[in-house]
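Student: Next up, coords.txt (compact mmCIF, C-alpha atoms).
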```txt
# COMPACT_ATOMS: atom_id res chain seq x y z
CA MET W 1 91.26 -91.44 47.94
CA PRO W 2 89.00 -91.48 51.02
CA ASN W 3 89.65 -87.85 52.00
CA LEU W 4 88.47 -86.42 48.68
CA PRO W 5 84.95 -84.91 48.59
CA PHE W 6 83.37 -87.31 46.10
CA SER W 7 84.90 -90.52 47.42
CA GLY W 8 82.16 -93.16 47.53
CA ILE W 9 80.29 -91.66 44.54
CA ARG W 10 80.10 -93.85 41.44
CA ILE W 11 79.33 -92.32 38.04
CA CYS W 12 78.29 -94.23 34.92
CA ASP W 13 79.72 -92.03 32.19
CA LEU W 14 78.12 -92.58 28.79
CA SER W 15 79.17 -89.15 27.53
CA TYR W 16 81.28 -88.77 24.39
CA PHE W 17 83.57 -86.13 22.93
CA TRP W 18 84.46 -83.24 25.25
CA ALA W 19 81.61 -81.65 27.24
CA GLY W 20 80.44 -84.57 29.40
CA PRO W 21 83.87 -86.21 29.75
CA TYR W 22 85.39 -82.88 30.85
CA CYS W 23 82.82 -82.74 33.66
CA THR W 24 83.41 -86.31 34.82
CA ALA W 25 87.21 -85.96 34.70
CA TYR W 26 86.93 -83.39 37.48
CA PHE W 27 84.75 -85.69 39.56
CA GLY W 28 87.30 -88.47 39.08
CA GLY W 29 90.07 -86.13 40.20
CA LEU W 30 88.04 -85.31 43.30
CA GLY W 31 87.54 -88.91 44.33
CA ALA W 32 84.52 -90.25 42.43
CA GLU W 33 84.73 -93.64 40.76
CA VAL W 34 83.96 -92.71 37.16
CA ILE W 35 83.27 -95.64 34.84
CA LYS W 36 83.44 -94.58 31.19
CA ILE W 37 81.22 -96.85 29.11
CA GLU W 38 81.82 -97.28 25.39
CA SER W 39 81.24 -100.16 22.98
CA ILE W 40 83.48 -101.86 20.45
CA GLN W 41 80.65 -101.30 17.95
CA ARG W 42 80.81 -97.55 18.53
CA PRO W 43 83.60 -96.23 20.74
CA ASP W 44 83.79 -92.60 21.73
CA SER W 45 84.39 -90.94 18.36
CA PHE W 46 86.71 -88.44 20.05
CA ARG W 47 89.25 -91.28 20.12
CA PHE W 48 89.66 -91.15 16.35
CA GLY W 49 92.03 -88.27 15.86
CA ALA W 50 95.48 -89.80 15.35
CA LEU W 51 95.37 -91.92 12.23
CA ALA W 52 99.17 -92.22 12.02
CA SER W 53 99.18 -94.73 14.88
CA ASP W 54 98.45 -98.45 14.47
CA LEU W 55 96.32 -98.20 17.60
CA TYR W 56 94.82 -94.95 16.37
CA TRP W 57 91.90 -95.14 18.76
CA GLU W 58 94.26 -94.69 21.72
CA ALA W 59 96.47 -91.86 20.46
CA ASN W 60 94.22 -88.81 20.18
CA SER W 61 95.80 -86.23 22.47
CA GLN W 62 92.57 -84.47 23.38
CA TRP W 63 90.84 -87.73 24.29
CA ASN W 64 93.80 -88.62 26.49
CA CYS W 65 93.56 -85.27 28.31
CA THR W 66 89.79 -85.30 28.73
CA ASN W 67 89.37 -88.82 30.10
CA VAL W 68 91.87 -88.90 32.94
CA ASN W 69 90.86 -90.39 36.29
CA LYS W 70 88.37 -92.90 34.85
CA TYR W 71 87.88 -96.61 34.57
CA GLY W 72 87.01 -97.75 31.06
CA ILE W 73 84.71 -100.57 29.98
CA THR W 74 82.96 -101.59 26.80
CA LEU W 75 79.35 -102.70 26.76
CA ASP W 76 76.97 -103.08 23.81
CA LEU W 77 73.81 -101.41 25.07
CA GLY W 78 71.96 -102.52 21.96
CA ASN W 79 72.39 -106.14 23.03
CA PRO W 80 69.83 -107.33 25.64
CA LYS W 81 72.58 -108.81 27.81
CA GLY W 82 74.71 -105.68 27.59
CA ASN W 83 71.66 -103.53 28.29
CA GLN W 84 70.84 -105.57 31.41
CA LEU W 85 74.43 -105.40 32.65
CA PHE W 86 74.28 -101.62 32.36
CA LYS W 87 71.15 -101.61 34.52
CA GLU W 88 72.94 -103.80 37.06
CA LEU W 89 75.72 -101.23 37.15
CA VAL W 90 73.19 -98.43 37.61
CA LYS W 91 71.83 -100.28 40.67
CA VAL W 92 75.16 -99.76 42.44
CA SER W 93 75.86 -96.27 41.09
CA ASP W 94 74.86 -92.72 41.98
CA VAL W 95 74.93 -90.86 38.67
CA VAL W 96 74.39 -91.54 34.97
CA ILE W 97 75.62 -88.88 32.55
CA GLU W 98 75.15 -88.80 28.77
CA ASN W 99 75.22 -86.21 26.00
CA PHE W 100 73.41 -87.92 23.13
CA ALA W 101 70.38 -86.59 21.29
CA PRO W 102 67.32 -87.58 23.41
CA ARG W 103 66.23 -90.30 21.02
CA VAL W 104 69.38 -92.37 21.68
CA MET W 105 68.58 -93.28 25.30
CA GLN W 106 64.96 -93.82 24.26
CA ASN W 107 66.09 -96.29 21.61
CA PHE W 108 68.13 -98.15 24.25
CA ASN W 109 65.12 -98.04 26.61
CA LEU W 110 67.41 -96.40 29.17
CA THR W 111 65.57 -93.15 29.83
CA TYR W 112 65.40 -91.60 33.29
CA GLU W 113 61.92 -93.07 33.77
CA VAL W 114 63.35 -96.55 33.19
CA LEU W 115 66.50 -96.04 35.26
CA LYS W 116 64.71 -94.63 38.30
CA GLU W 117 62.78 -97.92 38.40
CA VAL W 118 66.15 -99.65 38.55
CA LYS W 119 67.44 -97.31 41.29
CA SER W 120 64.94 -94.88 42.78
CA ASP W 121 67.47 -92.22 43.82
CA ILE W 122 69.59 -92.25 40.67
CA ILE W 123 70.69 -88.87 39.33
CA MET W 124 70.70 -88.71 35.54
CA MET W 125 72.30 -85.82 33.72
CA SER W 126 71.48 -85.47 30.02
CA MET W 127 73.46 -82.95 27.97
CA PRO W 128 71.96 -82.85 24.46
CA GLY W 129 72.87 -79.97 22.19
CA TYR W 130 69.42 -78.39 22.33
CA GLY W 131 67.80 -79.83 25.45
CA MET W 132 65.41 -82.69 26.17
CA TYR W 133 62.35 -81.06 24.60
CA GLY W 134 61.47 -78.44 22.01
CA PRO W 135 61.35 -78.41 18.18
CA TRP W 136 65.13 -79.00 17.93
CA ARG W 137 65.37 -81.75 20.56
CA ASP W 138 66.53 -84.44 18.10
CA PHE W 139 68.98 -82.25 16.19
CA VAL W 140 72.62 -83.26 16.61
CA GLY W 141 75.72 -81.13 16.42
CA PHE W 142 79.12 -80.24 17.78
CA GLY W 143 80.50 -77.21 19.56
CA LEU W 144 80.68 -75.28 16.28
CA ALA W 145 76.92 -75.61 15.75
CA PHE W 146 76.03 -74.83 19.37
CA GLU W 147 78.24 -71.74 19.39
CA GLN W 148 76.44 -70.45 16.31
CA SER W 149 72.87 -71.31 17.32
CA SER W 150 73.38 -69.87 20.81
CA GLY W 151 74.03 -66.40 19.38
CA LEU W 152 77.52 -66.25 20.88
CA SER W 153 79.43 -66.70 17.62
CA TYR W 154 77.37 -63.92 16.03
CA LEU W 155 79.35 -61.55 18.26
CA THR W 156 82.68 -63.34 17.71
CA GLY W 157 84.75 -62.19 14.76
CA TYR W 158 86.27 -59.16 13.11
CA VAL W 159 84.48 -55.95 12.22
CA ASN W 160 82.60 -56.47 8.93
CA GLY W 161 83.66 -60.12 8.93
CA ALA W 162 81.72 -63.36 9.27
CA PRO W 163 80.83 -64.98 12.61
CA GLN W 164 83.77 -67.03 13.91
CA SER W 165 84.04 -70.35 15.70
CA MET W 166 85.27 -70.13 19.26
CA GLY W 167 87.36 -73.28 18.75
CA GLY W 168 84.99 -75.69 20.48
CA ALA W 169 84.72 -73.60 23.65
CA ALA W 170 81.09 -74.74 23.94
CA ASP W 171 82.25 -78.12 25.24
CA PRO W 172 84.36 -77.20 28.27
CA ILE W 173 81.98 -74.35 29.14
CA SER W 174 79.08 -76.80 29.15
CA GLY W 175 81.20 -79.32 31.06
CA MET W 176 81.91 -76.89 33.88
CA HIS W 177 78.24 -75.87 34.10
CA ALA W 178 77.39 -79.57 34.30
CA ALA W 179 79.94 -80.12 37.07
CA PHE W 180 78.38 -77.37 39.15
CA VAL W 181 74.76 -78.51 38.80
CA LEU W 182 75.71 -82.16 39.39
CA GLN W 183 77.15 -81.13 42.76
CA ALA W 184 73.84 -79.39 43.51
CA ALA W 185 71.89 -82.53 42.61
CA LEU W 186 74.12 -84.68 44.82
CA GLU W 187 73.59 -82.27 47.71
CA TYR W 188 69.82 -82.28 47.09
CA ARG W 189 69.83 -86.07 47.23
CA ARG W 190 71.86 -86.00 50.44
CA ARG W 191 69.23 -83.77 52.04
CA THR W 192 66.08 -85.37 50.63
CA GLY W 193 67.01 -88.87 49.49
CA LYS W 194 65.65 -88.07 46.02
CA GLY W 195 67.38 -88.39 42.67
CA GLN W 196 66.35 -86.44 39.60
CA LEU W 197 66.83 -85.79 35.89
CA ILE W 198 69.03 -82.83 34.94
CA ASP W 199 68.50 -81.35 31.47
CA VAL W 200 71.56 -79.36 30.34
CA SER W 201 71.11 -77.75 26.92
CA GLN W 202 74.59 -76.93 25.62
CA THR W 203 73.16 -74.22 23.38
CA GLU W 204 71.35 -72.55 26.27
CA VAL W 205 74.50 -72.69 28.39
CA LEU W 206 76.19 -70.46 25.82
CA THR W 207 73.16 -68.22 25.32
CA ASN W 208 73.36 -67.61 29.07
CA PHE W 209 76.50 -65.55 28.38
CA LEU W 210 74.54 -63.10 26.22
CA GLY W 211 72.50 -61.42 28.94
CA ALA W 212 74.08 -57.99 28.41
CA ALA W 213 73.52 -58.06 24.65
CA VAL W 214 69.88 -59.11 25.04
CA ILE W 215 69.16 -56.52 27.72
CA ASP W 216 70.92 -53.77 25.76
CA PHE W 217 68.61 -54.42 22.82
CA SER W 218 65.59 -54.54 25.12
CA LEU W 219 66.51 -51.29 26.85
CA ASN W 220 68.13 -49.32 24.04
CA GLU W 221 67.23 -51.15 20.81
CA ARG W 222 70.97 -51.42 20.21
CA VAL W 223 72.19 -54.48 18.30
CA TRP W 224 75.68 -55.61 19.28
CA LYS W 225 78.09 -56.23 16.41
CA ARG W 226 81.33 -58.11 15.93
CA MET W 227 84.26 -56.09 17.24
CA GLY W 228 87.35 -58.24 16.75
CA ASN W 229 89.77 -57.46 19.58
CA GLN W 230 88.01 -54.22 20.46
CA ASP W 231 86.21 -53.73 23.77
CA PRO W 232 83.00 -51.70 24.27
CA VAL W 233 84.79 -49.45 26.76
CA MET W 234 88.54 -50.07 27.10
CA VAL W 235 90.94 -48.43 24.64
CA PRO W 236 93.57 -49.44 23.69
CA HIS W 237 92.44 -53.04 23.80
CA SER W 238 94.08 -55.37 21.28
CA VAL W 239 96.91 -57.77 20.50
CA TYR W 240 100.04 -56.16 19.07
CA ARG W 241 102.91 -57.52 17.02
CA CYS W 242 106.29 -57.66 18.78
CA LYS W 243 109.89 -58.29 17.75
CA GLY W 244 110.39 -61.64 16.07
CA THR W 245 108.26 -63.92 13.93
CA ASP W 246 104.64 -64.32 15.02
CA MET W 247 105.27 -62.76 18.43
CA TRP W 248 102.45 -60.85 20.10
CA VAL W 249 101.39 -59.13 23.30
CA ALA W 250 97.90 -58.26 24.55
CA ILE W 251 97.34 -54.81 26.08
CA ALA W 252 94.21 -53.46 27.79
CA VAL W 253 93.94 -49.95 29.24
CA SER W 254 90.89 -49.49 31.45
CA SER W 255 90.99 -45.88 32.70
CA ASP W 256 92.30 -42.38 32.04
CA ARG W 257 94.85 -42.89 34.81
CA GLU W 258 96.18 -46.01 33.10
CA TRP W 259 96.14 -44.22 29.74
CA LYS W 260 98.42 -41.50 31.07
CA GLY W 261 100.77 -44.09 32.55
CA PHE W 262 100.75 -46.02 29.30
CA CYS W 263 101.76 -42.96 27.30
CA GLN W 264 104.70 -42.40 29.68
CA VAL W 265 105.87 -46.02 29.37
CA ILE W 266 105.90 -45.98 25.57
CA GLY W 267 107.69 -42.61 25.52
CA LYS W 268 104.79 -40.73 23.96
CA PRO W 269 103.55 -38.29 26.67
CA GLU W 270 102.34 -35.96 23.94
CA LEU W 271 99.50 -38.40 23.19
CA ILE W 272 97.89 -37.43 26.49
CA GLU W 273 97.05 -33.96 25.14
CA ASP W 274 96.46 -35.08 21.56
CA GLU W 275 92.87 -34.17 20.73
CA ARG W 276 92.34 -37.53 18.99
CA PHE W 277 93.10 -39.41 22.23
CA ALA W 278 92.44 -36.93 25.04
CA THR W 279 89.14 -38.53 26.08
CA LEU W 280 87.91 -42.10 26.20
CA ILE W 281 85.33 -41.53 23.47
CA ASN W 282 87.94 -39.90 21.24
CA ARG W 283 90.34 -42.79 21.78
CA TRP W 284 87.56 -45.25 20.96
CA ASN W 285 86.66 -43.40 17.75
CA ASN W 286 90.32 -43.21 16.68
CA GLN W 287 91.54 -46.59 17.86
CA ASP W 288 92.71 -47.76 14.43
CA THR W 289 95.16 -44.86 14.30
CA LEU W 290 96.09 -45.41 17.95
CA ASN W 291 96.77 -49.11 17.38
CA GLN W 292 99.18 -48.27 14.57
CA ILE W 293 101.10 -45.93 16.86
CA ILE W 294 101.27 -48.57 19.60
CA GLU W 295 102.44 -51.31 17.27
CA LYS W 296 105.31 -49.14 16.01
CA TRP W 297 106.52 -49.24 19.62
CA THR W 298 105.83 -52.92 20.40
CA VAL W 299 107.27 -54.29 17.14
CA GLU W 300 110.73 -53.08 18.14
CA ARG W 301 110.66 -54.88 21.48
CA ASP W 302 110.58 -58.39 22.88
CA ARG W 303 107.06 -59.34 23.99
CA TYR W 304 108.22 -60.26 27.50
CA GLU W 305 109.93 -56.89 27.80
CA VAL W 306 106.69 -55.15 26.78
CA MET W 307 104.66 -57.17 29.28
CA ALA W 308 107.09 -56.46 32.12
CA MET W 309 107.27 -52.72 31.39
CA LEU W 310 103.52 -52.30 31.29
CA GLN W 311 102.80 -54.55 34.25
CA LYS W 312 105.29 -52.56 36.31
CA ALA W 313 103.21 -49.46 35.53
CA GLY W 314 99.98 -51.21 36.59
CA ILE W 315 98.71 -51.82 33.06
CA ALA W 316 97.22 -55.16 32.04
CA ALA W 317 99.49 -56.83 29.48
CA GLY W 318 100.28 -60.44 28.66
CA VAL W 319 102.30 -62.31 26.06
CA ALA W 320 100.56 -64.56 23.55
CA VAL W 321 102.26 -67.94 23.98
CA ASN W 322 102.34 -70.68 21.36
CA PRO W 323 100.83 -73.77 23.08
CA ALA W 324 103.73 -75.88 21.80
CA PHE W 325 106.06 -73.97 24.13
CA LEU W 326 103.86 -73.52 27.19
CA ASN W 327 105.79 -76.20 29.06
CA GLU W 328 108.87 -73.98 28.81
CA GLU W 329 107.21 -71.08 30.66
CA PRO W 330 109.03 -70.60 34.01
CA HIS W 331 105.81 -69.57 35.74
CA LEU W 332 104.00 -72.77 34.77
CA GLN W 333 107.08 -74.83 35.56
CA GLU W 334 107.25 -73.45 39.08
CA ARG W 335 103.56 -74.18 39.60
CA LYS W 336 104.04 -77.71 38.19
CA PHE W 337 101.18 -77.27 35.77
CA PHE W 338 102.58 -79.93 33.43
CA ILE W 339 103.28 -83.41 34.78
CA GLU W 340 104.57 -86.60 33.22
CA MET W 341 102.22 -89.57 33.02
CA THR W 342 102.76 -92.97 31.49
CA ARG W 343 99.91 -94.62 29.61
CA ASP W 344 99.77 -97.78 27.55
CA VAL W 345 100.26 -97.18 23.81
CA VAL W 346 101.31 -93.51 24.06
CA GLY W 347 104.09 -94.00 26.63
CA THR W 348 105.31 -91.22 28.92
CA GLN W 349 104.09 -87.77 27.93
CA LEU W 350 103.46 -84.35 29.42
CA PHE W 351 99.87 -83.80 30.56
CA ASN W 352 98.05 -80.78 31.93
CA ASN W 353 97.82 -80.87 35.70
CA TRP W 354 94.73 -79.51 37.45
CA PRO W 355 94.53 -75.69 37.28
CA ILE W 356 93.25 -75.63 40.87
CA ARG W 357 95.22 -75.92 44.13
CA PHE W 358 93.52 -76.92 47.38
CA SER W 359 95.29 -76.22 50.64
CA GLU W 360 93.79 -79.24 52.42
CA MET W 361 93.66 -81.94 49.74
CA GLN W 362 95.36 -83.15 46.58
CA MET W 363 93.37 -83.99 43.46
CA THR W 364 94.35 -87.26 41.81
CA MET W 365 95.65 -87.64 38.27
CA ARG W 366 95.61 -91.00 36.49
CA PRO W 367 95.98 -91.62 32.75
CA ALA W 368 92.91 -92.20 30.60
CA PRO W 369 91.87 -95.84 30.18
CA THR W 370 92.52 -97.80 27.05
CA LEU W 371 89.42 -99.19 25.36
CA GLY W 372 87.86 -101.78 27.65
CA GLU W 373 90.86 -101.70 30.00
CA HIS W 374 88.79 -102.27 33.13
CA ASN W 375 86.22 -104.74 31.81
CA ASN W 376 87.35 -107.43 34.25
CA TYR W 377 87.47 -105.09 37.25
CA VAL W 378 83.97 -103.72 36.72
CA LEU W 379 82.26 -106.92 35.60
CA GLU W 380 84.00 -109.27 38.03
CA THR W 381 84.67 -107.13 41.10
CA ILE W 382 81.67 -104.78 41.04
CA LEU W 383 79.00 -106.89 39.32
CA GLY W 384 80.21 -110.33 40.46
CA LEU W 385 80.44 -112.06 37.07
CA SER W 386 82.62 -115.13 36.71
CA LYS W 387 85.60 -115.36 34.38
CA SER W 388 83.63 -117.69 32.14
CA ASP W 389 80.77 -115.18 32.02
CA ILE W 390 83.21 -112.50 30.92
CA GLU W 391 84.74 -114.77 28.29
CA GLU W 392 81.26 -115.44 26.91
CA LEU W 393 80.55 -111.71 26.73
CA GLU W 394 83.76 -111.16 24.81
CA LYS W 395 83.03 -114.08 22.47
CA ASN W 396 79.65 -112.53 21.64
CA LYS W 397 81.23 -109.09 21.15
CA ILE W 398 79.20 -107.54 23.96
CA ILE W 399 82.53 -106.41 25.38
CA GLY W 400 86.02 -106.17 23.89
CA ARG W 401 89.15 -104.09 23.61
CA THR W 402 89.40 -103.45 19.86
CA PRO W 403 86.92 -101.40 17.80
CA LEU W 404 84.99 -103.34 15.21
CA ALA W 405 85.09 -100.30 12.93
CA MET W 406 86.46 -96.79 12.97
CA GLY W 407 83.01 -95.53 13.85
CA SER W 408 80.99 -92.45 13.02
CA PHE W 409 81.37 -88.99 14.43
CA GLY W 410 77.62 -88.56 14.67
CA VAL W 411 76.00 -88.66 18.10
```
Could you rewrite the structure in this file as structure tokens?
Tutor:
Amino acid sequence: MPNLPFSGIRICDLSYFWAGPYCTAYFGGLGAEVIKIESIQRPDSFRFGALASDLYWEANSQWNCTNVNKYGITLDLGNPKGNQLFKELVKVSDVVIENFAPRVMQNFNLTYEVLKEVKSDIIMMSMPGYGMYGPWRDFVGFGLAFEQSSGLSYLTGYVNGAPQSMGGAADPISGMHAAFVLQAALEYRRRTGKGQLIDVSQTEVLTNFLGAAVIDFSLNERVWKRMGNQDPVMVPHSVYRCKGTDMWVAIAVSSDREWKGFCQVIGKPELIEDERFATLINRWNNQDTLNQIIEKWTVERDRYEVMAMLQKAGIAAGVAVNPAFLNEEPHLQERKFFIEMTRDVVGTQLFNNWPIRFSEMQMTMRPAPTLGEHNNYVLETILGLSKSDIEELEKNKIIGRTPLAMGSFGV
């Protein structure tokens, strides 16, 4: 749409899995023409997560959510003709984004040094797990590995337990960092006419969240430990069982004033003067006992009742909602967070809408492309190939719409 901020920007999206595609989905929703480039020799391995379907490479729910607002083509970059066609596409594009280990683009002879000869002001964003240089530059991994090597997972888990995975949070966190810095690079190019290479280390993105822990050790020689649902300051601060099966509510009390109000709400004003809980430090040191007292109150009540009672008293509380039932939440329904979209193969399904509302514009939302869906549009309309040229490419398996093999999850 011409009124969206990135209208007129074209992005060649070579990124796989979640981090890079999450970034480019936002740019597509804000008007950029994002062309997702895969190959039938090795499609995005994130596609392969729904083996029950005959067209299993189209049915992975997370792939469908992460690749909205894109055009999809296939192109074998290992073939000289496919490699040259990619360069032709770069000539008429603004951004190239990829999240392979550095050696991959080197092997394709498609490094930034090569691509800036093709288009002098091209912006290339590379998002390897460990950055473009350093002893680990060629190591590969997924969010689980990056979360651990960043130091973030070392602080995630229960007291005296092992480090825990954050559930792949490394990917969307890296994707949003990438979205921000890509905007900065586009603005820099607008001002100077110069493109550049952006090196986004997914591990370093996560390590960036550990400033307080690093500084605390530097200042106080204090090593942070895993705390489960505890907080360094707030008490109570946990998730409590409520009435029903697997029903929970989160509660966080941040001050003495809130603590006194909390005690009144749960009908236990005597806790205010109880020596074990009279001060913040005492509450922190006795929080296991305190949590047992609180859960005796919450377990007899509906979680929404608990949330409403505490919120009315100015205390932070929120229900833990099973994702399977999020679409039934009245709040999300009123905000139209879930929308229906129809896509080939999967049919009409509920999809997440954008979690952002602009007062002066409307982000777009189109279903993710099927494999090679827009081969003809990109090759014929943008690059000017003839129908016979395209047929020859398909005959030689430089393009296609069906994977030649299930593929490998390695990147």
Student: Give me, as a ChimeraX atom specification, all polymer residues having an atom no more than 12 Å from Ala212 (chain W), counting only C-alpha atoms and skipping those fewer than 2 positions away in the same chain.
Tutor: /W:152,155,207-210,214-220,222-224,232
Student: Which residue, W:Met307, W:Ile382, W:Ile398, W:Leu144, has the smallest gap to Lys91 (chain W) when you use only C-alpha atoms?
Tutor: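 Of the candidates, the smallest distance to Lys91 (chain W) is held by W:Ile382.
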Student: Restricting the calculation to all atoms listed in the file, which member of W:Lys70, W:Arg103, W:Arg335, W:Arg191 is positioned closest to Tyr26 (chain W)?
Tutor: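 The shortest atom-to-atom distance to Tyr26 (chain W) comes from W:Lys70.
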Student: Counting all atoms listed in the file, which of W:Ala101, W:Leu85, W:Val90, W:Ile40 gets nearest to Cys12 (chain W)?
Tutor: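 Checking each of W:Ala101, W:Leu85, W:Val90, W:Ile40 against Cys12 (chain W), counting all atoms listed in the file, the winner is W:Val90.
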Student: What does the structure give for the distance between CA of Gly195 (chain W) and CA of Val95 (chain W), in Å to one decimal?
Tutor: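 Between CA of Gly195 (chain W) and CA of Val95 (chain W) the gap works out to 8.9 Å.
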Student: I want to know what sits within 12 Å of Leu326 (chain W), based on only C-alpha atoms, with residues of the same chain fewer than 5 positions away left out; could you give that as a ChimeraX atom specification?
Tutor: /W:319-321,331-333,336-338,350-352
Student: Taking into account all atoms listed in the file, which residue in the set W:Tyr154, W:Phe277, W:Phe325, W:Phe262 is nearest to Lys312 (chain W)?
Tutor: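 Counting all atoms listed in the file, the residue closest to Lys312 (chain W) is W:Phe262.
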Student: Separation of CA of Val34 (chain W) and CA of Tyr71 (chain W), in Å?
Tutor: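 Here the two named atoms are 6.1 Å from each other.
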Student: Which of these, W:Glu275, W:Glu117, W:Glu33, W:Asp44, has the shortest distance to Leu14 (chain W) once you count all atoms listed in the file?
Tutor: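 Result for the nearest residue to Leu14 (chain W): W:Asp44.
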Student: Identify, on the basis of all atoms listed in the file, every residue whose closest approach to Trp18 (chain W) does not exceed 8 Å; exclude the query and any residue fewer than 4 positions from it along the same chain; express the result as a PDB file with C-alpha atoms, keeping the file's coordinate frame.
Tutor:
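Saved to selection33.pdb:
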```
ATOM      1  CA  TYR W  22      85.390 -82.880  30.850  1.00  0.00           C
ATOM      2  CA  PHE W  46      86.710 -88.440  20.050  1.00  0.00           C
ATOM      3  CA  TRP W  63      90.840 -87.730  24.290  1.00  0.00           C
ATOM      4  CA  THR W  66      89.790 -85.300  28.730  1.00  0.00           C
ATOM      5  CA  ASP W 171      82.250 -78.120  25.240  1.00  0.00           C
ATOM      6  CA  PRO W 172      84.360 -77.200  28.270  1.00  0.00           C
ATOM      7  CA  GLY W 175      81.200 -79.320  31.060  1.00  0.00           C
TER       8      GLY W 175
END
```
Student: Separation of CA of Gln202 (chain W) and CA of Ala178 (chain W), in Å?
Tutor: 9.5 Å
Student: Can you tell me, as a ChimeraX atom specification, what residues are no more than 9 Å from Trp297 (chain W) when counting all atoms listed in the file, ignoring any on the same chain fewer than 5 positions away?
Tutor: /W:242,266-267,292
Student: Do you know which residues are at most 8 Å from Arg401 (chain W) counting only C-alpha atoms, after dropping those on the same chain fewer than 3 positions away, and could you put them as a list in words?
Tutor: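 Near neighbours after the sequence-gap exclusion: Ile40, Thr74, Thr370, Leu371, Gly372 and Glu373 of chain W.
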Student: Counting all atoms listed in the file, which residue out of W:Gly49, W:Gly134, W:Pro323, W:Pro102 sits closest to Ser61 (chain W)?
Tutor: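 Between W:Gly49, W:Gly134, W:Pro323, W:Pro102, the residue approaching Ser61 (chain W) most closely is W:Gly49.
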Student: Is there a way to get, as number ranges by chain, all residues within 12 Å of the point (65.1, -86.0, 45.6) in file coordinates, counting only C-alpha atoms?
Tutor: W: 116, 120-124, 184-198
Student: Scan for residues within 10 Å of the point (80.6, -82.8, 28.7) in the coordinates of the file, using only C-alpha atoms, and reply as number ranges by chain.
Tutor: W: 13, 15-25, 66, 97-99, 126-128, 170-179, 200, 202
